[in-house]
Each structure stands twice: as C-alpha cells, then as structure tokens.
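**Student:** Here you go, model07.tsv (TSV, N, CA and C atoms):
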chain	number	residue	atom	x	y	z
Y	1	HIS	N	31.38	33.38	-30.78
Y	1	HIS	CA	31.77	34.28	-31.85
Y	1	HIS	C	31.78	33.51	-33.15
Y	2	LEU	N	31.67	34.21	-34.24
Y	2	LEU	CA	31.68	33.58	-35.55
Y	2	LEU	C	33.08	33.57	-36.12
Y	3	LEU	N	33.47	32.47	-36.68
Y	3	LEU	CA	34.78	32.37	-37.32
Y	3	LEU	C	34.67	32.82	-38.76
Y	4	ARG	N	35.68	33.47	-39.24
Y	4	ARG	CA	35.70	33.87	-40.64
Y	4	ARG	C	35.88	32.62	-41.50
Y	5	ASP	N	35.49	32.71	-42.76
Y	5	ASP	CA	35.63	31.56	-43.65
Y	5	ASP	C	36.98	31.52	-44.34
Y	6	LYS	N	37.95	32.26	-43.81
Y	6	LYS	CA	39.30	32.24	-44.35
Y	6	LYS	C	40.30	32.31	-43.20
Y	7	ALA	N	41.56	32.19	-43.53
Y	7	ALA	CA	42.60	32.23	-42.49
Y	7	ALA	C	42.58	33.57	-41.77
Y	8	LEU	N	42.82	33.54	-40.47
Y	8	LEU	CA	42.85	34.75	-39.66
Y	8	LEU	C	44.25	35.34	-39.56
Y	9	PHE	N	45.28	34.46	-39.59
Y	9	PHE	CA	46.63	34.95	-39.34
Y	9	PHE	C	47.67	34.01	-39.91
Y	10	THR	N	48.90	34.54	-40.01
Y	10	THR	CA	50.06	33.72	-40.31
Y	10	THR	C	50.90	33.67	-39.04
Y	11	LEU	N	51.60	32.58	-38.84
Y	11	LEU	CA	52.44	32.38	-37.67
Y	11	LEU	C	53.86	32.12	-38.12
Y	12	THR	N	54.79	32.90	-37.59
Y	12	THR	CA	56.20	32.64	-37.84
Y	12	THR	C	56.89	32.52	-36.49
Y	13	ARG	N	58.00	31.84	-36.49
Y	13	ARG	CA	58.73	31.67	-35.24
Y	13	ARG	C	60.22	31.72	-35.51
Y	14	ALA	N	60.92	32.24	-34.53
Y	14	ALA	CA	62.38	32.30	-34.58
Y	14	ALA	C	62.88	31.76	-33.25
Y	15	LEU	N	63.10	30.48	-33.22
Y	15	LEU	CA	63.56	29.79	-32.01
Y	15	LEU	C	64.88	29.13	-32.34
Y	16	PRO	N	65.99	29.83	-32.11
Y	16	PRO	CA	67.30	29.29	-32.50
Y	16	PRO	C	67.59	27.93	-31.88
Y	17	GLU	N	68.18	27.05	-32.68
Y	17	GLU	CA	68.52	25.71	-32.20
Y	17	GLU	C	69.59	25.74	-31.12
Y	18	THR	N	70.35	26.82	-31.03
Y	18	THR	CA	71.43	26.90	-30.06
Y	18	THR	C	70.93	27.18	-28.64
Y	19	LEU	N	69.66	27.51	-28.49
Y	19	LEU	CA	69.14	27.76	-27.15
Y	19	LEU	C	69.01	26.45	-26.40
Y	20	PRO	N	69.41	26.43	-25.14
Y	20	PRO	CA	69.26	25.20	-24.36
Y	20	PRO	C	67.80	24.98	-23.99
Y	21	ALA	N	67.52	23.77	-23.57
Y	21	ALA	CA	66.17	23.47	-23.10
Y	21	ALA	C	65.93	24.25	-21.82
Y	22	VAL	N	64.87	25.01	-21.77
Y	22	VAL	CA	64.48	25.79	-20.60
Y	22	VAL	C	63.06	25.38	-20.25
Y	23	LEU	N	62.82	25.23	-18.98
Y	23	LEU	CA	61.48	24.83	-18.56
Y	23	LEU	C	60.49	25.96	-18.82
Y	24	VAL	N	59.68	25.79	-19.84
Y	24	VAL	CA	58.60	26.72	-20.14
Y	24	VAL	C	57.32	25.98	-19.79
Y	25	PRO	N	56.49	26.55	-18.92
Y	25	PRO	CA	55.26	25.86	-18.57
Y	25	PRO	C	54.50	25.43	-19.83
Y	26	PRO	N	53.92	24.24	-19.83
Y	26	PRO	CA	53.38	23.60	-21.03
Y	26	PRO	C	52.42	24.44	-21.86
Y	27	MET	N	51.51	25.14	-21.24
Y	27	MET	CA	50.49	25.85	-22.01
Y	27	MET	C	50.74	27.35	-22.10
Y	28	CYS	N	51.87	27.79	-21.61
Y	28	CYS	CA	52.18	29.21	-21.55
Y	28	CYS	C	52.12	29.87	-22.94
Y	29	LEU	N	52.88	29.37	-23.89
Y	29	LEU	CA	52.91	29.98	-25.21
Y	29	LEU	C	51.61	29.80	-25.97
Y	30	VAL	N	50.94	28.67	-25.74
Y	30	VAL	CA	49.63	28.45	-26.36
Y	30	VAL	C	48.64	29.50	-25.88
Y	31	SER	N	48.62	29.76	-24.57
Y	31	SER	CA	47.72	30.77	-24.01
Y	31	SER	C	48.02	32.15	-24.57
Y	32	LEU	N	49.30	32.48	-24.70
Y	32	LEU	CA	49.65	33.80	-25.23
Y	32	LEU	C	49.28	33.93	-26.70
Y	33	ALA	N	49.46	32.86	-27.48
Y	33	ALA	CA	49.06	32.89	-28.89
Y	33	ALA	C	47.54	33.00	-29.01
Y	34	GLU	N	46.80	32.28	-28.17
Y	34	GLU	CA	45.34	32.37	-28.18
Y	34	GLU	C	44.89	33.79	-27.85
Y	35	ASN	N	45.52	34.42	-26.86
Y	35	ASN	CA	45.19	35.81	-26.52
Y	35	ASN	C	45.45	36.74	-27.70
Y	36	ALA	N	46.56	36.52	-28.40
Y	36	ALA	CA	46.88	37.35	-29.56
Y	36	ALA	C	45.79	37.24	-30.62
Y	37	VAL	N	45.30	36.03	-30.85
Y	37	VAL	CA	44.24	35.84	-31.84
Y	37	VAL	C	42.94	36.48	-31.35
Y	38	LYS	N	42.52	36.15	-30.14
Y	38	LYS	CA	41.23	36.62	-29.62
Y	38	LYS	C	41.15	38.14	-29.48
Y	39	HIS	N	42.19	38.74	-28.89
Y	39	HIS	CA	42.11	40.16	-28.57
Y	39	HIS	C	42.78	41.07	-29.60
Y	40	GLY	N	43.66	40.52	-30.42
Y	40	GLY	CA	44.37	41.36	-31.38
Y	40	GLY	C	43.98	41.12	-32.82
Y	41	ILE	N	43.96	39.86	-33.24
Y	41	ILE	CA	43.76	39.53	-34.66
Y	41	ILE	C	42.29	39.48	-35.06
Y	42	GLU	N	41.45	38.80	-34.28
Y	42	GLU	CA	40.04	38.67	-34.65
Y	42	GLU	C	39.32	40.01	-34.83
Y	43	PRO	N	39.56	41.01	-33.97
Y	43	PRO	CA	38.82	42.26	-34.12
Y	43	PRO	C	39.24	43.12	-35.32
Y	44	ARG	N	40.31	42.79	-35.97
Y	44	ARG	CA	40.77	43.61	-37.09
Y	44	ARG	C	40.41	42.99	-38.42
Y	45	PRO	N	40.28	43.79	-39.45
Y	45	PRO	CA	40.01	43.22	-40.78
Y	45	PRO	C	41.31	42.68	-41.39
Y	46	GLY	N	41.17	41.74	-42.27
Y	46	GLY	CA	42.32	41.23	-43.01
Y	46	GLY	C	43.12	40.20	-42.24
Y	47	LEU	N	44.17	39.77	-42.89
Y	47	LEU	CA	45.05	38.74	-42.36
Y	47	LEU	C	46.02	39.34	-41.35
Y	48	GLY	N	46.07	38.77	-40.16
Y	48	GLY	CA	46.99	39.24	-39.13
Y	48	GLY	C	48.25	38.40	-39.11
Y	49	ARG	N	49.22	38.86	-38.30
Y	49	ARG	CA	50.48	38.14	-38.16
Y	49	ARG	C	50.79	37.96	-36.68
Y	50	ILE	N	51.26	36.77	-36.34
Y	50	ILE	CA	51.75	36.47	-35.01
Y	50	ILE	C	53.17	35.93	-35.18
Y	51	ARG	N	54.08	36.41	-34.35
Y	51	ARG	CA	55.46	35.96	-34.42
Y	51	ARG	C	55.91	35.56	-33.02
Y	52	ILE	N	56.57	34.41	-32.92
Y	52	ILE	CA	57.15	33.94	-31.67
Y	52	ILE	C	58.67	33.96	-31.83
Y	53	ASP	N	59.33	34.70	-30.95
Y	53	ASP	CA	60.78	34.83	-30.98
Y	53	ASP	C	61.36	34.46	-29.63
Y	54	SER	N	62.59	34.03	-29.62
Y	54	SER	CA	63.29	33.82	-28.35
Y	54	SER	C	64.75	34.21	-28.53
Y	55	ARG	N	65.32	34.67	-27.43
Y	55	ARG	CA	66.73	35.06	-27.44
Y	55	ARG	C	67.25	35.13	-26.01
Y	56	ARG	N	68.53	35.04	-25.89
Y	56	ARG	CA	69.16	35.20	-24.59
Y	56	ARG	C	69.50	36.67	-24.39
Y	57	GLU	N	69.18	37.18	-23.21
Y	57	GLU	CA	69.56	38.53	-22.81
Y	57	GLU	C	70.20	38.41	-21.44
Y	58	GLY	N	71.52	38.32	-21.41
Y	58	GLY	CA	72.24	38.18	-20.15
Y	58	GLY	C	71.87	36.89	-19.45
Y	59	ALA	N	71.36	37.00	-18.23
Y	59	ALA	CA	71.01	35.83	-17.43
Y	59	ALA	C	69.56	35.40	-17.65
Y	60	ARG	N	68.95	35.88	-18.73
Y	60	ARG	CA	67.54	35.54	-18.97
Y	60	ARG	C	67.32	35.04	-20.39
Y	61	LEU	N	66.32	34.20	-20.52
Y	61	LEU	CA	65.79	33.82	-21.81
Y	61	LEU	C	64.53	34.64	-22.00
Y	62	VAL	N	64.42	35.33	-23.13
Y	62	VAL	CA	63.25	36.14	-23.43
Y	62	VAL	C	62.50	35.45	-24.57
Y	63	VAL	N	61.22	35.16	-24.34
Y	63	VAL	CA	60.36	34.58	-25.35
Y	63	VAL	C	59.23	35.58	-25.58
Y	64	GLU	N	59.05	35.99	-26.84
Y	64	GLU	CA	58.03	36.98	-27.16
Y	64	GLU	C	56.99	36.41	-28.11
Y	65	VAL	N	55.73	36.73	-27.83
Y	65	VAL	CA	54.62	36.44	-28.73
Y	65	VAL	C	54.07	37.80	-29.13
Y	66	ALA	N	54.28	38.18	-30.39
Y	66	ALA	CA	53.88	39.50	-30.87
Y	66	ALA	C	52.85	39.37	-31.98
Y	67	ASP	N	51.91	40.32	-32.00
Y	67	ASP	CA	50.92	40.34	-33.07
Y	67	ASP	C	50.83	41.74	-33.66
Y	68	ASP	N	50.20	41.84	-34.81
Y	68	ASP	CA	49.99	43.15	-35.45
Y	68	ASP	C	48.51	43.52	-35.42
Y	69	GLY	N	47.84	43.10	-34.37
Y	69	GLY	CA	46.40	43.33	-34.23
Y	69	GLY	C	46.06	44.73	-33.79
Y	70	VAL	N	44.91	44.85	-33.12
Y	70	VAL	CA	44.36	46.14	-32.75
Y	70	VAL	C	45.07	46.80	-31.59
Y	71	GLY	N	45.97	46.11	-30.91
Y	71	GLY	CA	46.71	46.69	-29.80
Y	71	GLY	C	45.97	46.53	-28.49
Y	72	LEU	N	46.57	47.05	-27.44
Y	72	LEU	CA	45.99	46.94	-26.10
Y	72	LEU	C	44.84	47.91	-25.91
Y	73	ASN	N	43.76	47.42	-25.37
Y	73	ASN	CA	42.65	48.26	-24.97
Y	73	ASN	C	42.72	48.44	-23.47
Y	74	PRO	N	42.23	49.58	-22.95
Y	74	PRO	CA	42.22	49.75	-21.50
Y	74	PRO	C	41.51	48.58	-20.82
Y	75	GLY	N	42.11	48.09	-19.75
Y	75	GLY	CA	41.52	46.96	-19.02
Y	75	GLY	C	42.06	45.61	-19.44
Y	76	LEU	N	42.63	45.53	-20.64
Y	76	LEU	CA	43.22	44.26	-21.06
Y	76	LEU	C	44.62	44.16	-20.47
Y	77	GLY	N	45.10	42.96	-20.32
Y	77	GLY	CA	46.41	42.74	-19.74
Y	77	GLY	C	46.31	42.20	-18.33
Y	78	ALA	N	45.10	42.19	-17.79
Y	78	ALA	CA	44.91	41.69	-16.43
Y	78	ALA	C	43.84	40.60	-16.41
Y	79	GLY	N	43.60	39.95	-17.55
Y	79	GLY	CA	42.55	38.95	-17.65
Y	79	GLY	C	42.94	37.60	-17.08
Y	80	VAL	N	42.00	36.68	-17.13
Y	80	VAL	CA	42.18	35.34	-16.58
Y	80	VAL	C	43.29	34.59	-17.30
Y	81	GLY	N	43.34	34.68	-18.62
Y	81	GLY	CA	44.37	33.97	-19.38
Y	81	GLY	C	45.77	34.39	-18.98
Y	82	LEU	N	46.00	35.70	-18.87
Y	82	LEU	CA	47.32	36.18	-18.48
Y	82	LEU	C	47.61	35.88	-17.02
Y	83	ALA	N	46.59	35.91	-16.18
Y	83	ALA	CA	46.78	35.53	-14.76
Y	83	ALA	C	47.21	34.07	-14.67
Y	84	ASN	N	46.63	33.21	-15.51
Y	84	ASN	CA	47.02	31.80	-15.52
Y	84	ASN	C	48.46	31.62	-15.98
Y	85	VAL	N	48.88	32.39	-16.98
Y	85	VAL	CA	50.27	32.31	-17.44
Y	85	VAL	C	51.21	32.75	-16.32
Y	86	ARG	N	50.86	33.85	-15.66
Y	86	ARG	CA	51.70	34.32	-14.55
Y	86	ARG	C	51.78	33.28	-13.43
Y	87	ALA	N	50.67	32.62	-13.15
Y	87	ALA	CA	50.66	31.58	-12.11
Y	87	ALA	C	51.53	30.39	-12.53
Y	88	GLN	N	51.49	30.00	-13.80
Y	88	GLN	CA	52.33	28.91	-14.29
Y	88	GLN	C	53.81	29.26	-14.17
Y	89	LEU	N	54.14	30.50	-14.53
Y	89	LEU	CA	55.53	30.94	-14.43
Y	89	LEU	C	56.00	30.95	-12.98
Y	90	GLU	N	55.15	31.43	-12.08
Y	90	GLU	CA	55.47	31.46	-10.65
Y	90	GLU	C	55.69	30.05	-10.11
Y	91	ALA	N	54.81	29.11	-10.51
Y	91	ALA	CA	54.93	27.73	-10.03
Y	91	ALA	C	56.22	27.08	-10.52
Y	92	ALA	N	56.62	27.38	-11.75
Y	92	ALA	CA	57.80	26.75	-12.34
Y	92	ALA	C	59.11	27.42	-11.93
Y	93	HIS	N	59.09	28.74	-11.75
Y	93	HIS	CA	60.34	29.48	-11.57
Y	93	HIS	C	60.34	30.45	-10.39
Y	94	GLY	N	59.26	30.54	-9.65
Y	94	GLY	CA	59.19	31.51	-8.56
Y	94	GLY	C	59.30	32.93	-9.08
Y	95	SER	N	59.96	33.78	-8.33
Y	95	SER	CA	60.09	35.18	-8.72
Y	95	SER	C	61.14	35.40	-9.81
Y	96	ALA	N	61.81	34.34	-10.26
Y	96	ALA	CA	62.83	34.47	-11.30
Y	96	ALA	C	62.24	34.62	-12.69
Y	97	ALA	N	60.93	34.40	-12.84
Y	97	ALA	CA	60.26	34.52	-14.14
Y	97	ALA	C	59.18	35.59	-14.06
Y	98	SER	N	58.88	36.18	-15.21
Y	98	SER	CA	57.82	37.18	-15.23
Y	98	SER	C	57.22	37.27	-16.63
Y	99	LEU	N	56.09	37.98	-16.69
Y	99	LEU	CA	55.37	38.22	-17.95
Y	99	LEU	C	55.13	39.71	-18.05
Y	100	GLU	N	55.49	40.28	-19.20
Y	100	GLU	CA	55.23	41.69	-19.48
Y	100	GLU	C	54.37	41.76	-20.74
Y	101	VAL	N	53.36	42.62	-20.73
Y	101	VAL	CA	52.50	42.81	-21.89
Y	101	VAL	C	52.51	44.30	-22.22
Y	102	SER	N	52.76	44.61	-23.50
Y	102	SER	CA	52.82	46.01	-23.89
Y	102	SER	C	52.39	46.19	-25.34
Y	103	SER	N	52.12	47.44	-25.69
Y	103	SER	CA	51.82	47.77	-27.08
Y	103	SER	C	53.11	47.74	-27.88
Y	104	ARG	N	52.95	47.44	-29.16
Y	104	ARG	CA	54.10	47.45	-30.07
Y	104	ARG	C	54.11	48.75	-30.86
Y	105	GLU	N	55.30	49.25	-31.11
Y	105	GLU	CA	55.42	50.42	-31.97
Y	105	GLU	C	54.90	50.03	-33.35
Y	106	GLY	N	54.04	50.83	-33.91
Y	106	GLY	CA	53.47	50.51	-35.22
Y	106	GLY	C	52.19	49.71	-35.13
Y	107	GLY	N	51.74	49.35	-33.94
Y	107	GLY	CA	50.48	48.64	-33.76
Y	107	GLY	C	50.67	47.22	-33.29
Y	108	GLY	N	49.66	46.73	-32.62
Y	108	GLY	CA	49.70	45.38	-32.11
Y	108	GLY	C	50.15	45.33	-30.67
Y	109	CYS	N	50.48	44.13	-30.24
Y	109	CYS	CA	50.80	43.87	-28.85
Y	109	CYS	C	51.93	42.85	-28.78
Y	110	VAL	N	52.69	42.89	-27.69
Y	110	VAL	CA	53.72	41.88	-27.47
Y	110	VAL	C	53.62	41.41	-26.02
Y	111	ALA	N	53.62	40.10	-25.86
Y	111	ALA	CA	53.70	39.47	-24.54
Y	111	ALA	C	55.11	38.92	-24.42
Y	112	ARG	N	55.83	39.35	-23.39
Y	112	ARG	CA	57.23	38.98	-23.21
Y	112	ARG	C	57.38	38.14	-21.95
Y	113	VAL	N	57.82	36.90	-22.12
Y	113	VAL	CA	58.07	35.99	-21.00
Y	113	VAL	C	59.56	36.03	-20.70
Y	114	LEU	N	59.89	36.33	-19.46
Y	114	LEU	CA	61.29	36.39	-19.03
Y	114	LEU	C	61.55	35.22	-18.10
Y	115	LEU	N	62.49	34.36	-18.50
Y	115	LEU	CA	62.81	33.15	-17.75
Y	115	LEU	C	64.28	33.15	-17.37
Y	116	PRO	N	64.63	32.49	-16.27
Y	116	PRO	CA	66.04	32.38	-15.94
Y	116	PRO	C	66.77	31.52	-16.97
Y	117	TRP	N	67.96	31.97	-17.37
Y	117	TRP	CA	68.77	31.21	-18.33
Y	117	TRP	C	69.39	30.03	-17.61
Y	118	ARG	N	69.25	28.88	-18.19
Y	118	ARG	CA	69.87	27.67	-17.65
Y	118	ARG	C	70.56	26.96	-18.79
Y	119	GLY	N	71.81	26.67	-18.62
Y	119	GLY	CA	72.57	25.97	-19.66
Y	119	GLY	C	72.17	24.51	-19.77
Y	120	VAL	N	72.62	23.89	-20.80
Y	120	VAL	CA	72.34	22.49	-21.04
Y	120	VAL	C	73.10	21.63	-20.04
Y	121	ALA	N	72.40	20.72	-19.42
Y	121	ALA	CA	73.05	19.82	-18.44
Y	121	ALA	C	74.00	18.88	-19.18
Y	122	ALA	N	75.15	18.68	-18.60
Y	122	ALA	CA	76.16	17.82	-19.25
Y	122	ALA	C	75.87	16.37	-18.98
Show how you would write the structure in this file as structure tokens.
**Tutor:**
Amino acid sequence: HLLRDKALFTLTRALPETLPAVLVPPMCLVSLAENAVKHGIEPRPGLGRIRIDSRREGARLVVEVADDGVGLNPGLGAGVGLANVRAQLEAAHGSAASLEVSSREGGGCVARVLLPWRGVAA
C-alpha cells in the first residue's frame, strides 16, 4: 500500500499511574494499534485519532484501543492479527482474559482487552 505524505493519525493515551503492573502480553497493544491504523484510519480521508485508555472495573483491568476510522466491516474482527492477540491473552491469563471488538457510537472501532486485576506485590 502507499503511505500518505503526511501524518495519518494522532495518538493519545490515558494510563493512570495508580494502576498496578499487570501482565499484558508484549505485542498485544501494538497489534491492536496497528489494526486500528490499517483497517480504520488508512481507508478514511483526513487525520484520524487513536486513543488508548485503561481503567479498573471491579475484578478486571480494561484496556481499550479506540479509533475514529471507518468502523467495522463485515468479516473483520476475526483476522489473523486479532487471533494472535487472543492467543497471547490465553497463554498469559487463560480464560481470565478476553478481547472484544465492536463499533463505536459516532463511528470507528474499539478493541477492549479484559484482564484479571492483580494488585501490586508487596
């Protein structure tokens, strides 16, 4: 594919310092950000946005990679990249971790990684 001669997207993140260290497979977020660029941002005109957020929800840590791209197309969401992320999560956390991919209200897509919450070791 051809790269544009200008920036494709802006990246923001909200990763609170108060969150404890949680084992996130090394390439998990990179793969999700790459998917956001390839399938959401590149096909649309103009500058896109990708945001990475994390928060605690009860006994889980939720990490989201959201974009304002073209949204989910039929058949997407079951590709090799997402299968690899699911396999990494399974290897690291078994059935306690999962990946959800959905359309965002107002356009775009969000990949949500759900991990078991683990406090900081003393």
**Student:** Can you tell me which residues surround Val70 in chain Y at a distance of at most 10 Å, considering only C-alpha atoms, apart from same-chain residues fewer than 5 positions away, and format the answer as a list in words?
**Tutor:** Ala36, His39, Gly40, Ile41, Glu42, Pro43, Arg44, Pro45, Gly48, Ser103, Gly107, Gly108 and Cys109 of chain Y
**Student:** Quote the spacing between CA of Leu8 in chain Y and CA of Gly46 in chain Y in Å to one decimal place.
**Tutor:** 7.3 Å
**Student:** Which residue is closest to Phe9 in chain Y? Choose from Y:Ala83, Y:Leu115, Y:Ala59, Y:Ala33 and count only C-alpha atoms.
**Tutor:** Y:Ala33
**Student:** What is the CA of Asn84 in chain Y to CA of Leu29 in chain Y distance in Å?
**Tutor:**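 Between CA of Asn84 in chain Y and CA of Leu29 in chain Y the gap is 11.5 Å.
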**Student:** For each of Y:Arg118, Y:Arg112, Y:Arg104, Y:Arg55, take the minimum atom-to-atom distance to Leu72 in chain Y, counting all atoms listed in the file, then give the residue where this is smallest.
**Tutor:**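 Comparing Y:Arg118, Y:Arg112, Y:Arg104, Y:Arg55 against Leu72 in chain Y, the winner is Y:Arg104.
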**Student:** Any idea what the distance is between CA of Gly58 in chain Y and CA of Glu100 in chain Y?
**Tutor:**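 Distance reported for this atom pair: 17.4 Å.
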**Student:** Name the residues in contact with range 64-66 of chain Y at a cut-off of 6.5 Å, using all atoms listed in the file, excluding same-chain residues fewer than 5 positions from it; report them as a PyMOL selection string.
**Tutor:** chain Y and resi 32-33+49-55+109-113
**Student:** As a VMD selection string, please: every residue in range 7-120 of chain Y that DSSP puts in helix (DSSP H, G or I).
**Tutor:** chain Y and resid 28 to 41 80 to 96
**Student:** Ser98 in chain Y: which residues within 8 Å, counting only N, CA and C atoms, same-chain residues fewer than 2 positions away excluded, as a list in words?
**Tutor:**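 Surrounding residues, per the criterion: Val85, Arg86, Leu89, Glu90, His93, Gly94, Ser95, Ala96, Glu100, Val101, Arg112, Val113, Leu114, Leu115 and Pro116 of chain Y.
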**Student:** For the selection just defined, write its residues with N, CA and C atoms to a file, as a PDB file, in the frame of the given file.
**Tutor:**
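Produced file again.pdb, reproduced below:
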ATOM      1  N   VAL Y  85      48.880  32.390 -16.980  1.00  0.00           N
ATOM      2  CA  VAL Y  85      50.270  32.310 -17.440  1.00  0.00           C
ATOM      3  C   VAL Y  85      51.210  32.750 -16.320  1.00  0.00           C
ATOM      4  N   ARG Y  86      50.860  33.850 -15.660  1.00  0.00           N
ATOM      5  CA  ARG Y  86      51.700  34.320 -14.550  1.00  0.00           C
ATOM      6  C   ARG Y  86      51.780  33.280 -13.430  1.00  0.00           C
ATOM      7  N   LEU Y  89      54.140  30.500 -14.530  1.00  0.00           N
ATOM      8  CA  LEU Y  89      55.530  30.940 -14.430  1.00  0.00           C
ATOM      9  C   LEU Y  89      56.000  30.950 -12.980  1.00  0.00           C
ATOM     10  N   GLU Y  90      55.150  31.430 -12.080  1.00  0.00           N
ATOM     11  CA  GLU Y  90      55.470  31.460 -10.650  1.00  0.00           C
ATOM     12  C   GLU Y  90      55.690  30.050 -10.110  1.00  0.00           C
ATOM     13  N   HIS Y  93      59.090  28.740 -11.750  1.00  0.00           N
ATOM     14  CA  HIS Y  93      60.340  29.480 -11.570  1.00  0.00           C
ATOM     15  C   HIS Y  93      60.340  30.450 -10.390  1.00  0.00           C
ATOM     16  N   GLY Y  94      59.260  30.540  -9.650  1.00  0.00           N
ATOM     17  CA  GLY Y  94      59.190  31.510  -8.560  1.00  0.00           C
ATOM     18  C   GLY Y  94      59.300  32.930  -9.080  1.00  0.00           C
ATOM     19  N   SER Y  95      59.960  33.780  -8.330  1.00  0.00           N
ATOM     20  CA  SER Y  95      60.090  35.180  -8.720  1.00  0.00           C
ATOM     21  C   SER Y  95      61.140  35.400  -9.810  1.00  0.00           C
ATOM     22  N   ALA Y  96      61.810  34.340 -10.260  1.00  0.00           N
ATOM     23  CA  ALA Y  96      62.830  34.470 -11.300  1.00  0.00           C
ATOM     24  C   ALA Y  96      62.240  34.620 -12.690  1.00  0.00           C
ATOM     25  N   GLU Y 100      55.490  40.280 -19.200  1.00  0.00           N
ATOM     26  CA  GLU Y 100      55.230  41.690 -19.480  1.00  0.00           C
ATOM     27  C   GLU Y 100      54.370  41.760 -20.740  1.00  0.00           C
ATOM     28  N   VAL Y 101      53.360  42.620 -20.730  1.00  0.00           N
ATOM     29  CA  VAL Y 101      52.500  42.810 -21.890  1.00  0.00           C
ATOM     30  C   VAL Y 101      52.510  44.300 -22.220  1.00  0.00           C
ATOM     31  N   ARG Y 112      55.830  39.350 -23.390  1.00  0.00           N
ATOM     32  CA  ARG Y 112      57.230  38.980 -23.210  1.00  0.00           C
ATOM     33  C   ARG Y 112      57.380  38.140 -21.950  1.00  0.00           C
ATOM     34  N   VAL Y 113      57.820  36.900 -22.120  1.00  0.00           N
ATOM     35  CA  VAL Y 113      58.070  35.990 -21.000  1.00  0.00           C
ATOM     36  C   VAL Y 113      59.560  36.030 -20.700  1.00  0.00           C
ATOM     37  N   LEU Y 114      59.890  36.330 -19.460  1.00  0.00           N
ATOM     38  CA  LEU Y 114      61.290  36.390 -19.030  1.00  0.00           C
ATOM     39  C   LEU Y 114      61.550  35.220 -18.100  1.00  0.00           C
ATOM     40  N   LEU Y 115      62.490  34.360 -18.500  1.00  0.00           N
ATOM     41  CA  LEU Y 115      62.810  33.150 -17.750  1.00  0.00           C
ATOM     42  C   LEU Y 115      64.280  33.150 -17.370  1.00  0.00           C
ATOM     43  N   PRO Y 116      64.630  32.490 -16.270  1.00  0.00           N
ATOM     44  CA  PRO Y 116      66.040  32.380 -15.940  1.00  0.00           C
ATOM     45  C   PRO Y 116      66.770  31.520 -16.970  1.00  0.00           C
TER      46      PRO Y 116
END
